[in-house]
$ cat input-v4.txt   # compact mmCIF, C-alpha atoms
# COMPACT_ATOMS: atom_id res chain seq x y z
CA MET S 124 42.33 -9.47 -37.53
CA ARG S 125 40.08 -12.39 -38.27
CA PHE S 126 40.54 -13.67 -34.71
CA ALA S 127 39.70 -10.23 -33.28
CA ASN S 128 36.51 -10.10 -35.37
CA ALA S 129 35.52 -13.57 -34.17
CA LEU S 130 36.12 -12.49 -30.55
CA ALA S 131 34.05 -9.35 -31.07
CA VAL S 132 31.20 -11.37 -32.57
CA ALA S 133 31.37 -13.93 -29.74
CA ALA S 134 31.43 -11.16 -27.13
CA GLY S 135 28.45 -9.50 -28.82
CA LEU S 136 26.53 -12.77 -28.80
CA LEU S 137 27.32 -13.31 -25.11
CA LEU S 138 26.22 -9.79 -24.24
CA THR S 139 23.00 -10.24 -26.23
CA ALA S 140 22.29 -13.58 -24.52
CA ALA S 141 23.00 -12.09 -21.09
CA ALA S 142 20.75 -9.10 -21.80
CA SER S 143 18.01 -11.42 -23.06
CA ALA S 144 18.29 -13.57 -19.93
CA ALA S 145 18.20 -10.45 -17.75
CA ASP S 146 15.07 -9.28 -19.59
CA ARG S 147 13.45 -12.71 -19.12
CA ALA S 148 14.30 -13.01 -15.41
CA PRO S 149 11.70 -10.45 -14.22
CA GLN S 150 9.11 -11.97 -16.57
CA ASP S 151 9.89 -15.49 -15.33
CA ALA S 152 9.60 -14.31 -11.72
CA LYS S 153 6.32 -12.57 -12.50
CA SER S 154 4.98 -15.68 -14.26
CA LYS S 155 5.94 -17.83 -11.27
CA SER S 156 4.26 -15.34 -8.94
CA ILE S 157 1.07 -15.40 -11.05
CA GLU S 158 1.09 -19.21 -11.06
CA ARG S 159 1.57 -19.19 -7.28
CA GLY S 160 -1.41 -16.84 -7.00
CA ARG S 161 -3.54 -19.21 -9.08
CA TYR S 162 -2.56 -22.07 -6.78
CA LEU S 163 -3.42 -20.05 -3.67
CA ILE S 164 -6.79 -18.97 -5.08
CA ALA S 165 -7.62 -22.58 -5.98
CA THR S 166 -6.54 -24.10 -2.67
CA ALA S 167 -7.66 -21.35 -0.28
CA GLY S 168 -11.28 -21.66 -1.38
CA CYS S 169 -11.60 -18.16 -2.86
CA ASN S 170 -13.69 -19.48 -5.75
CA ASP S 171 -16.14 -21.12 -3.34
CA CYS S 172 -17.76 -17.73 -2.72
CA HIS S 173 -16.28 -15.31 -5.25
CA THR S 174 -17.10 -17.41 -8.35
CA ALA S 175 -20.79 -17.85 -9.16
CA GLY S 176 -21.80 -21.52 -9.40
CA TYR S 177 -18.44 -22.88 -8.27
CA ILE S 178 -19.64 -25.07 -5.40
CA PRO S 179 -22.81 -26.40 -7.08
CA SER S 180 -20.74 -27.40 -10.14
CA ALA S 181 -17.99 -29.03 -8.04
CA GLY S 182 -15.52 -26.47 -9.38
CA LYS S 183 -16.41 -26.95 -13.03
CA VAL S 184 -16.46 -23.21 -13.80
CA PRO S 185 -14.08 -22.09 -16.56
CA GLU S 186 -11.16 -20.04 -15.27
CA LYS S 187 -12.24 -17.14 -17.49
CA GLU S 188 -15.28 -16.78 -15.15
CA TRP S 189 -13.40 -17.04 -11.86
CA LEU S 190 -13.61 -14.36 -9.17
CA LYS S 191 -16.30 -12.16 -10.73
CA GLY S 192 -18.33 -12.15 -7.51
CA ASP S 193 -21.80 -13.53 -6.87
CA ALA S 194 -25.34 -12.22 -6.42
CA VAL S 195 -26.13 -14.76 -3.71
CA GLY S 196 -25.65 -13.00 -0.40
CA PHE S 197 -24.82 -14.10 3.11
CA ARG S 198 -27.25 -12.72 5.67
CA GLY S 199 -26.56 -12.52 9.38
CA PRO S 200 -26.61 -10.06 12.27
CA TRP S 201 -24.14 -7.86 10.33
CA GLY S 202 -26.58 -7.46 7.41
CA THR S 203 -26.20 -9.09 4.01
CA THR S 204 -22.81 -9.27 2.35
CA TYR S 205 -22.01 -10.39 -1.16
CA PRO S 206 -18.85 -12.04 -2.42
CA ALA S 207 -17.01 -9.17 -4.08
CA ASN S 208 -15.98 -9.18 -7.70
CA LEU S 209 -12.28 -9.56 -6.97
CA ARG S 210 -11.31 -8.71 -10.53
CA ARG S 211 -12.85 -5.25 -10.14
CA TYR S 212 -11.37 -4.82 -6.67
CA PHE S 213 -7.83 -5.74 -7.71
CA ALA S 214 -8.03 -3.65 -10.89
CA ASN S 215 -8.41 -0.57 -8.68
CA VAL S 216 -6.25 -1.43 -5.65
CA PRO S 217 -2.43 -1.46 -5.68
CA GLU S 218 -0.59 -4.43 -4.14
CA SER S 219 0.46 -2.45 -1.08
CA ALA S 220 -3.14 -1.38 -0.36
CA PHE S 221 -4.36 -4.98 -0.76
CA ILE S 222 -1.72 -6.21 1.67
CA ALA S 223 -2.81 -3.55 4.17
CA ASP S 224 -6.49 -4.53 3.66
CA ALA S 225 -5.64 -8.21 4.11
CA ARG S 226 -3.94 -7.47 7.41
CA SER S 227 -6.63 -5.07 8.69
CA GLY S 228 -9.40 -7.47 9.71
CA ARG S 229 -11.97 -4.97 8.42
CA MET S 230 -13.90 -7.43 6.27
CA ARG S 231 -17.50 -8.44 6.95
CA PRO S 232 -18.50 -12.05 7.53
CA PRO S 233 -18.28 -14.62 6.20
CA MET S 234 -14.99 -13.49 4.62
CA PRO S 235 -12.21 -15.39 6.41
CA TRP S 236 -9.94 -12.34 6.68
CA PHE S 237 -7.84 -14.18 9.27
CA ASN S 238 -6.69 -16.56 6.53
CA LEU S 239 -5.48 -13.62 4.43
CA ALA S 240 -3.85 -12.01 7.45
CA ALA S 241 -1.84 -15.20 8.04
CA MET S 242 -0.41 -15.25 4.49
CA THR S 243 3.03 -13.92 3.66
CA ASP S 244 3.43 -10.67 1.74
CA ALA S 245 4.79 -12.72 -1.18
CA ASP S 246 1.63 -14.87 -1.20
CA LEU S 247 -0.61 -11.81 -1.08
CA ARG S 248 1.33 -10.20 -3.94
CA ALA S 249 0.98 -13.45 -5.91
CA ILE S 250 -2.80 -13.44 -5.39
CA HIS S 251 -2.97 -9.80 -6.46
CA ARG S 252 -0.93 -10.47 -9.62
CA TYR S 253 -2.93 -13.56 -10.52
CA VAL S 254 -6.32 -11.88 -10.19
CA ARG S 255 -5.11 -8.88 -12.21
CA SER S 256 -3.91 -11.28 -14.93
CA LEU S 257 -7.45 -12.66 -15.44
CA GLY S 258 -8.61 -9.83 -17.64
CA GLU S 259 -12.15 -8.49 -18.14
CA PRO S 260 -13.50 -7.62 -14.71
CA GLY S 261 -17.23 -8.06 -15.29
CA ALA S 262 -20.03 -6.41 -13.34
CA PRO S 263 -19.88 -5.42 -9.68
CA ALA S 264 -21.46 -7.65 -7.06
CA PRO S 265 -24.56 -6.31 -5.30
CA ALA S 266 -23.96 -3.74 -2.58
CA TYR S 267 -23.95 -4.57 1.12
CA VAL S 268 -27.42 -4.52 2.73
CA PRO S 269 -27.50 -3.26 6.34
CA PRO S 270 -29.17 -5.24 9.15
CA GLY S 271 -32.96 -4.96 9.15
CA GLU S 272 -33.20 -4.30 5.40
CA GLU S 273 -34.44 -7.02 3.07
CA PRO S 274 -32.03 -8.10 0.29
CA ARG S 275 -33.39 -8.12 -3.27
CA THR S 276 -31.38 -11.14 -4.31
CA PRO S 277 -31.18 -14.73 -3.09
CA TYR S 278 -29.27 -15.12 0.16
CA ILE S 279 -28.09 -17.74 2.58
CA VAL S 280 -29.03 -17.25 6.21
CA PHE S 281 -25.76 -17.41 8.07
CA VAL S 282 -27.03 -17.71 11.62
CA PRO S 283 -26.70 -20.78 13.82
CA GLN S 284 -30.01 -22.49 14.42
CA ALA S 285 -30.89 -24.30 17.63
CA PRO S 286 -32.19 -27.84 17.17
CA LYS S 287 -35.85 -28.39 17.76
CA THR S 288 -36.38 -30.28 20.96
CA THR S 289 -38.26 -33.52 20.77
CA HIS S 290 -39.53 -35.57 23.61
CA ALA S 291 -39.11 -39.24 22.93
CA LYS S 292 -41.62 -41.49 24.59
CA ALA S 293 -40.10 -44.18 26.75
CA ASN S 294 -41.27 -47.68 25.97

$ encode --input "input-v4.txt" --output "structure tokens"
Amino acid sequence: MRFANALAVAAGLLLTAAASAADRAPQDAKSKSIERGRYLIATAGCNDCHTAGYIPSAGKVPEKEWLKGDAVGFRGPWGTTYPANLRRYFANVPESAFIADARSGRMRPPMPWFNLAAMTDADLRAIHRYVRSLGEPGAPAPAYVPPGEEPRTPYIVFVPQAPKTTHAKAN
């Protein structure tokens, strides 16, 4: 009887350990996906535009401030676009809709949508999960300003400029 009780206890412990490992497996996979998303955000240059002050500070913006958008616009023939607050966007868009958006090519300049379109579905899901993990979304970025209208915020003119011609005097 004692042996049977010991076997029952051992079997119970094994079942508990297996159940615990099974419960952890999805969490471990999700954690790895979130960490992959962080890596992709950091290396793909998303913070360069979508995090205020990132470039001028050489990336010295705390992660808690990442991807909240920026009020400095990019002005060109398409109008003036602002780097979206990705935290707000991802809070309201399911993974499948983000993947469809990333593949659509319907983003205004200077967003490099072609980079997103080239990513795998797993990478896009990882980005989605990472951004959603960041927490408090913050305020929305300014709205798009159509061509011909003057933005009310600072902006960068995103139009190629021709060099001024100079005539050098021959000696």

$ residues_around --input "input-v4.txt" --residues "stretch 206-208 of chain S" --least-positions-apart "4" --cutoff "8 Å" --atoms "only C-alpha atoms" --output "list in words"
Cys172, His173, Leu190, Lys191, Gly192, Asp193, Ala194, Val195, Gly196, Tyr212, Pro260, Gly261, Ala262, Pro263 and Ala264 of chain S

$ closest_residue --input "input-v4.txt" --among "S:Ile178, S:Ala214, S:Ala266, S:Cys169" --to "S:Arg252" --atoms "only C-alpha atoms"
S:Ala214

$ atom_distance --input "input-v4.txt" --atom1 "atom CA of S:Arg275" --atom2 "atom CA of S:Gly258"
28.7 Å

$ atom_distance --input "input-v4.txt" --atom1 "atom CA of S:Arg248" --atom2 "atom CA of S:Ala167"
14.8 Å

$ closest_residue --input "input-v4.txt" --among "S:Arg211, S:Arg198, S:Arg226, S:Arg255" --to "S:Gly160" --atoms "all atoms listed in the file"
S:Arg255

$ atom_distance --input "input-v4.txt" --atom1 "atom CA of S:Ala225" --atom2 "atom CA of S:Ala240"
5.4 Å

$ closest_residue --input "input-v4.txt" --among "S:Gly168, S:Gly176, S:Gly182, S:Pro200" --to "S:Val268" --atoms "all atoms listed in the file"
S:Pro200

$ closest_residue --input "input-v4.txt" --among "S:Ile157, S:Leu209, S:Ile250, S:Val216" --to "S:Thr174" --atoms "all atoms listed in the file"
S:Leu209

$ closest_residue --input "input-v4.txt" --among "S:Gly228, S:Gly199, S:Pro235, S:Pro265" --to "S:Phe281" --atoms "all atoms listed in the file"
S:Gly199

$ residues_around --input "input-v4.txt" --residues "S:Leu247" --least-positions-apart "6" --cutoff "10 Å" --atoms "only C-alpha atoms" --output "PyMOL selection string"
chain S and resi 156+159-160+163+218-219+221-222+225+239-241+253
